[in-house]
file my_file38.txt (compact mmCIF, C-alpha atoms)
# COMPACT_ATOMS: atom_id res chain seq x y z
CA MET A 163 -47.89 41.30 -67.08
CA ILE A 164 -45.45 43.91 -68.36
CA HIS A 165 -41.96 42.49 -68.74
CA ASP A 166 -38.94 44.42 -67.49
CA ILE A 167 -36.72 44.35 -70.57
CA GLN A 168 -33.74 46.63 -71.09
CA LYS A 169 -34.28 49.44 -73.62
CA PRO A 170 -32.40 49.00 -76.89
CA GLN A 171 -29.41 51.17 -77.77
CA ILE A 172 -30.44 53.77 -80.34
CA SER A 173 -27.84 55.14 -82.76
CA PRO A 174 -27.33 58.92 -83.10
CA GLN A 175 -28.43 58.69 -86.74
CA PHE A 176 -31.76 57.04 -85.76
CA THR A 177 -31.95 54.52 -88.59
CA ILE A 178 -34.71 52.16 -89.68
CA GLU A 179 -32.94 49.47 -87.64
CA ASP A 180 -33.52 51.59 -84.55
CA ILE A 181 -37.23 51.73 -85.31
CA HIS A 182 -37.27 47.94 -85.61
CA LYS A 183 -35.46 47.62 -82.27
CA ILE A 184 -37.97 49.90 -80.55
CA ARG A 185 -40.95 48.06 -82.01
CA GLU A 186 -39.53 44.68 -80.99
CA TRP A 187 -38.75 45.98 -77.49
CA ASN A 188 -42.30 47.31 -77.12
CA TYR A 189 -43.79 44.04 -78.33
CA GLU A 190 -41.69 41.93 -75.96
CA ARG A 191 -42.53 44.17 -73.00
CA LEU A 192 -46.27 44.16 -73.59
CA LYS A 193 -46.99 40.80 -75.23
CA ASP A 194 -48.44 39.22 -72.06
CA ALA A 195 -50.07 42.39 -70.70
CA THR A 196 -53.81 42.70 -70.27
CA ILE A 197 -55.68 45.56 -71.88
CA GLN A 198 -55.94 47.33 -68.51
CA GLU A 199 -52.19 46.93 -67.92
CA ARG A 200 -51.51 48.46 -71.33
CA ILE A 201 -53.82 51.39 -70.60
CA ASP A 202 -52.19 51.95 -67.21
CA GLU A 203 -48.71 51.86 -68.78
CA ILE A 204 -49.69 54.39 -71.45
CA ARG A 205 -51.16 56.71 -68.82
CA ARG A 206 -48.05 56.35 -66.64
CA GLN A 207 -45.77 57.23 -69.54
CA ALA A 208 -47.99 60.14 -70.64
CA GLU A 209 -48.13 61.76 -67.19
CA PRO A 210 -44.93 63.91 -67.51
CA GLY A 211 -46.13 65.23 -70.88
CA ILE A 212 -49.59 66.02 -69.52
CA ARG A 213 -48.04 67.90 -66.57
CA ALA A 214 -45.79 69.89 -68.95
CA ILE A 215 -48.77 70.86 -71.13
CA GLU A 216 -50.81 71.92 -68.09
CA LYS A 217 -47.89 74.03 -66.86
CA LEU A 218 -47.56 75.76 -70.24
CA LYS A 219 -51.31 76.42 -70.35
CA ALA A 220 -51.19 77.95 -66.85
CA GLU A 221 -48.26 80.15 -67.84
CA GLN A 222 -50.06 81.25 -71.00
CA ASN A 223 -53.20 82.12 -69.03
CA THR A 224 -51.11 84.14 -66.56
CA ILE A 225 -49.54 86.10 -69.41
CA GLN A 226 -52.91 86.76 -71.07
CA GLU A 227 -54.55 87.87 -67.81
CA SER A 228 -51.84 90.33 -66.78
CA PRO A 229 -52.37 93.84 -68.14
CA ALA A 230 -49.81 95.21 -70.54
CA LYS A 231 -47.58 97.85 -68.98
CA PHE A 232 -46.37 100.53 -71.34
CA PRO A 233 -44.43 103.59 -70.23
call {"tool": "encode", "arguments": {"input": "my_file38.txt", "output": "structure tokens"}}
result
Amino acid sequence: MIHDIQKPQISPQFTIEDIHKIREWNYERLKDATIQERIDEIRRQAEPGIRAIEKLKAEQNTIQESPAKFP
């Protein structure tokens, strides 16, 4: 089971304390999760990044496939 715990406040300087807060938050959220729940959570969080990469690849392919137009 993944626990619904509020995200920690991160300082603008992003200090070592912030890293500790994030690690503790992650541990507390996932400590009772099964392996499959962890995998599902990782995939859910990765989905926006995967979509962004696929969009950039599609845009790059469109640019490479279009012929150059010179006057």
call {"tool": "atom_distance", "arguments": {"input": "my_file38.txt", "atom1": "CA of Arg191 (chain A)", "atom2": "CA of Gln207 (chain A)"}}
result
13.9 Å
call {"tool": "closest_residue", "arguments": {"input": "my_file38.txt", "among": "A:Asn188, A:Lys183, A:Lys217, A:Ile178", "to": "Ile204 (chain A)", "atoms": "all atoms listed in the file"}}
result
A:Asn188
call {"tool": "residues_around", "arguments": {"input": "my_file38.txt", "residues": "Ile201 (chain A)", "least_positions_apart": "6", "cutoff": "12 Å", "atoms": "only C-alpha atoms", "output": "CSV table (one decimal) with C-alpha atoms, in the coordinates of the input"}}
result
chain,number,residue,atom,x,y,z
A,164,ILE,CA,-45.4,43.9,-68.4
A,192,LEU,CA,-46.3,44.2,-73.6
A,195,ALA,CA,-50.1,42.4,-70.7
A,207,GLN,CA,-45.8,57.2,-69.5
A,208,ALA,CA,-48.0,60.1,-70.6
call {"tool": "atom_distance", "arguments": {"input": "my_file38.txt", "atom1": "CA of Lys169 (chain A)", "atom2": "CA of Arg200 (chain A)"}}
result
17.4 Å
call {"tool": "axis_aligned_box", "arguments": {"input": "my_file38.txt", "around": "region 199-203 of chain A", "padding_each_side": "8 Å", "output": "JSON"}}
result
{"center_x": -51.3, "center_y": 49.4, "center_z": -69.3, "size_x": 21.1, "size_y": 21.0, "size_z": 20.1}
call {"tool": "decode", "arguments": {"input": "my_file38.txt", "residues": "region 182-206 of chain A", "atoms": "N, CA and C atoms", "output": "PDB file, in the first residue's frame"}}
result
ATOM      1  N   HIS A 182      17.530  14.857   2.396  1.00  0.00           N
ATOM      2  CA  HIS A 182      17.122  13.959   3.481  1.00  0.00           C
ATOM      3  C   HIS A 182      15.595  13.926   3.616  1.00  0.00           C
ATOM      4  N   LYS A 183      14.966  15.091   3.502  1.00  0.00           N
ATOM      5  CA  LYS A 183      13.504  15.158   3.594  1.00  0.00           C
ATOM      6  C   LYS A 183      12.848  14.344   2.476  1.00  0.00           C
ATOM      7  N   ILE A 184      13.371  14.485   1.263  1.00  0.00           N
ATOM      8  CA  ILE A 184      12.810  13.774   0.118  1.00  0.00           C
ATOM      9  C   ILE A 184      12.978  12.262   0.282  1.00  0.00           C
ATOM     10  N   ARG A 185      14.155  11.845   0.722  1.00  0.00           N
ATOM     11  CA  ARG A 185      14.398  10.416   0.915  1.00  0.00           C
ATOM     12  C   ARG A 185      13.497   9.841   2.000  1.00  0.00           C
ATOM     13  N   GLU A 186      13.323  10.577   3.088  1.00  0.00           N
ATOM     14  CA  GLU A 186      12.446  10.118   4.170  1.00  0.00           C
ATOM     15  C   GLU A 186      10.996  10.059   3.696  1.00  0.00           C
ATOM     16  N   TRP A 187      10.566  11.069   2.944  1.00  0.00           N
ATOM     17  CA  TRP A 187       9.214  11.097   2.405  1.00  0.00           C
ATOM     18  C   TRP A 187       8.974   9.892   1.492  1.00  0.00           C
ATOM     19  N   ASN A 188       9.927   9.626   0.608  1.00  0.00           N
ATOM     20  CA  ASN A 188       9.805   8.475  -0.289  1.00  0.00           C
ATOM     21  C   ASN A 188       9.732   7.174   0.494  1.00  0.00           C
ATOM     22  N   TYR A 189      10.586   7.031   1.484  1.00  0.00           N
ATOM     23  CA  TYR A 189      10.578   5.812   2.296  1.00  0.00           C
ATOM     24  C   TYR A 189       9.227   5.622   2.978  1.00  0.00           C
ATOM     25  N   GLU A 190       8.731   6.661   3.618  1.00  0.00           N
ATOM     26  CA  GLU A 190       7.465   6.563   4.346  1.00  0.00           C
ATOM     27  C   GLU A 190       6.300   6.244   3.414  1.00  0.00           C
ATOM     28  N   ARG A 191       6.320   6.812   2.222  1.00  0.00           N
ATOM     29  CA  ARG A 191       5.248   6.544   1.256  1.00  0.00           C
ATOM     30  C   ARG A 191       5.251   5.090   0.794  1.00  0.00           C
ATOM     31  N   LEU A 192       6.423   4.535   0.576  1.00  0.00           N
ATOM     32  CA  LEU A 192       6.527   3.243  -0.085  1.00  0.00           C
ATOM     33  C   LEU A 192       6.886   2.080   0.831  1.00  0.00           C
ATOM     34  N   LYS A 193       7.031   2.312   2.115  1.00  0.00           N
ATOM     35  CA  LYS A 193       7.537   1.263   2.995  1.00  0.00           C
ATOM     36  C   LYS A 193       6.653   0.023   3.048  1.00  0.00           C
ATOM     37  N   ASP A 194       5.348   0.158   2.892  1.00  0.00           N
ATOM     38  CA  ASP A 194       4.449  -0.994   2.944  1.00  0.00           C
ATOM     39  C   ASP A 194       3.981  -1.436   1.555  1.00  0.00           C
ATOM     40  N   ALA A 195       4.540  -0.856   0.507  1.00  0.00           N
ATOM     41  CA  ALA A 195       4.108  -1.169  -0.852  1.00  0.00           C
ATOM     42  C   ALA A 195       4.722  -2.482  -1.323  1.00  0.00           C
ATOM     43  N   THR A 196       3.950  -3.201  -2.128  1.00  0.00           N
ATOM     44  CA  THR A 196       4.477  -4.415  -2.745  1.00  0.00           C
ATOM     45  C   THR A 196       5.375  -4.020  -3.908  1.00  0.00           C
ATOM     46  N   ILE A 197       6.096  -4.979  -4.429  1.00  0.00           N
ATOM     47  CA  ILE A 197       6.969  -4.699  -5.572  1.00  0.00           C
ATOM     48  C   ILE A 197       6.138  -4.213  -6.751  1.00  0.00           C
ATOM     49  N   GLN A 198       5.003  -4.849  -7.007  1.00  0.00           N
ATOM     50  CA  GLN A 198       4.157  -4.437  -8.127  1.00  0.00           C
ATOM     51  C   GLN A 198       3.614  -3.028  -7.927  1.00  0.00           C
ATOM     52  N   GLU A 199       3.259  -2.670  -6.702  1.00  0.00           N
ATOM     53  CA  GLU A 199       2.786  -1.308  -6.429  1.00  0.00           C
ATOM     54  C   GLU A 199       3.898  -0.292  -6.680  1.00  0.00           C
ATOM     55  N   ARG A 200       5.118  -0.645  -6.323  1.00  0.00           N
ATOM     56  CA  ARG A 200       6.250   0.261  -6.572  1.00  0.00           C
ATOM     57  C   ARG A 200       6.472   0.444  -8.067  1.00  0.00           C
ATOM     58  N   ILE A 201       6.419  -0.650  -8.804  1.00  0.00           N
ATOM     59  CA  ILE A 201       6.600  -0.584 -10.258  1.00  0.00           C
ATOM     60  C   ILE A 201       5.505   0.277 -10.879  1.00  0.00           C
ATOM     61  N   ASP A 202       4.266   0.055 -10.472  1.00  0.00           N
ATOM     62  CA  ASP A 202       3.151   0.836 -11.007  1.00  0.00           C
ATOM     63  C   ASP A 202       3.310   2.320 -10.696  1.00  0.00           C
ATOM     64  N   GLU A 203       3.773   2.638  -9.499  1.00  0.00           N
ATOM     65  CA  GLU A 203       3.977   4.040  -9.102  1.00  0.00           C
ATOM     66  C   GLU A 203       5.077   4.686  -9.947  1.00  0.00           C
ATOM     67  N   ILE A 204       6.150   3.965 -10.169  1.00  0.00           N
ATOM     68  CA  ILE A 204       7.250   4.495 -10.995  1.00  0.00           C
ATOM     69  C   ILE A 204       6.756   4.750 -12.408  1.00  0.00           C
ATOM     70  N   ARG A 205       6.015   3.803 -12.958  1.00  0.00           N
ATOM     71  CA  ARG A 205       5.483   3.979 -14.319  1.00  0.00           C
ATOM     72  C   ARG A 205       4.522   5.160 -14.381  1.00  0.00           C
ATOM     73  N   ARG A 206       3.683   5.315 -13.369  1.00  0.00           N
ATOM     74  CA  ARG A 206       2.727   6.423 -13.343  1.00  0.00           C
ATOM     75  C   ARG A 206       3.463   7.763 -13.313  1.00  0.00           C
TER      76      ARG A 206
END
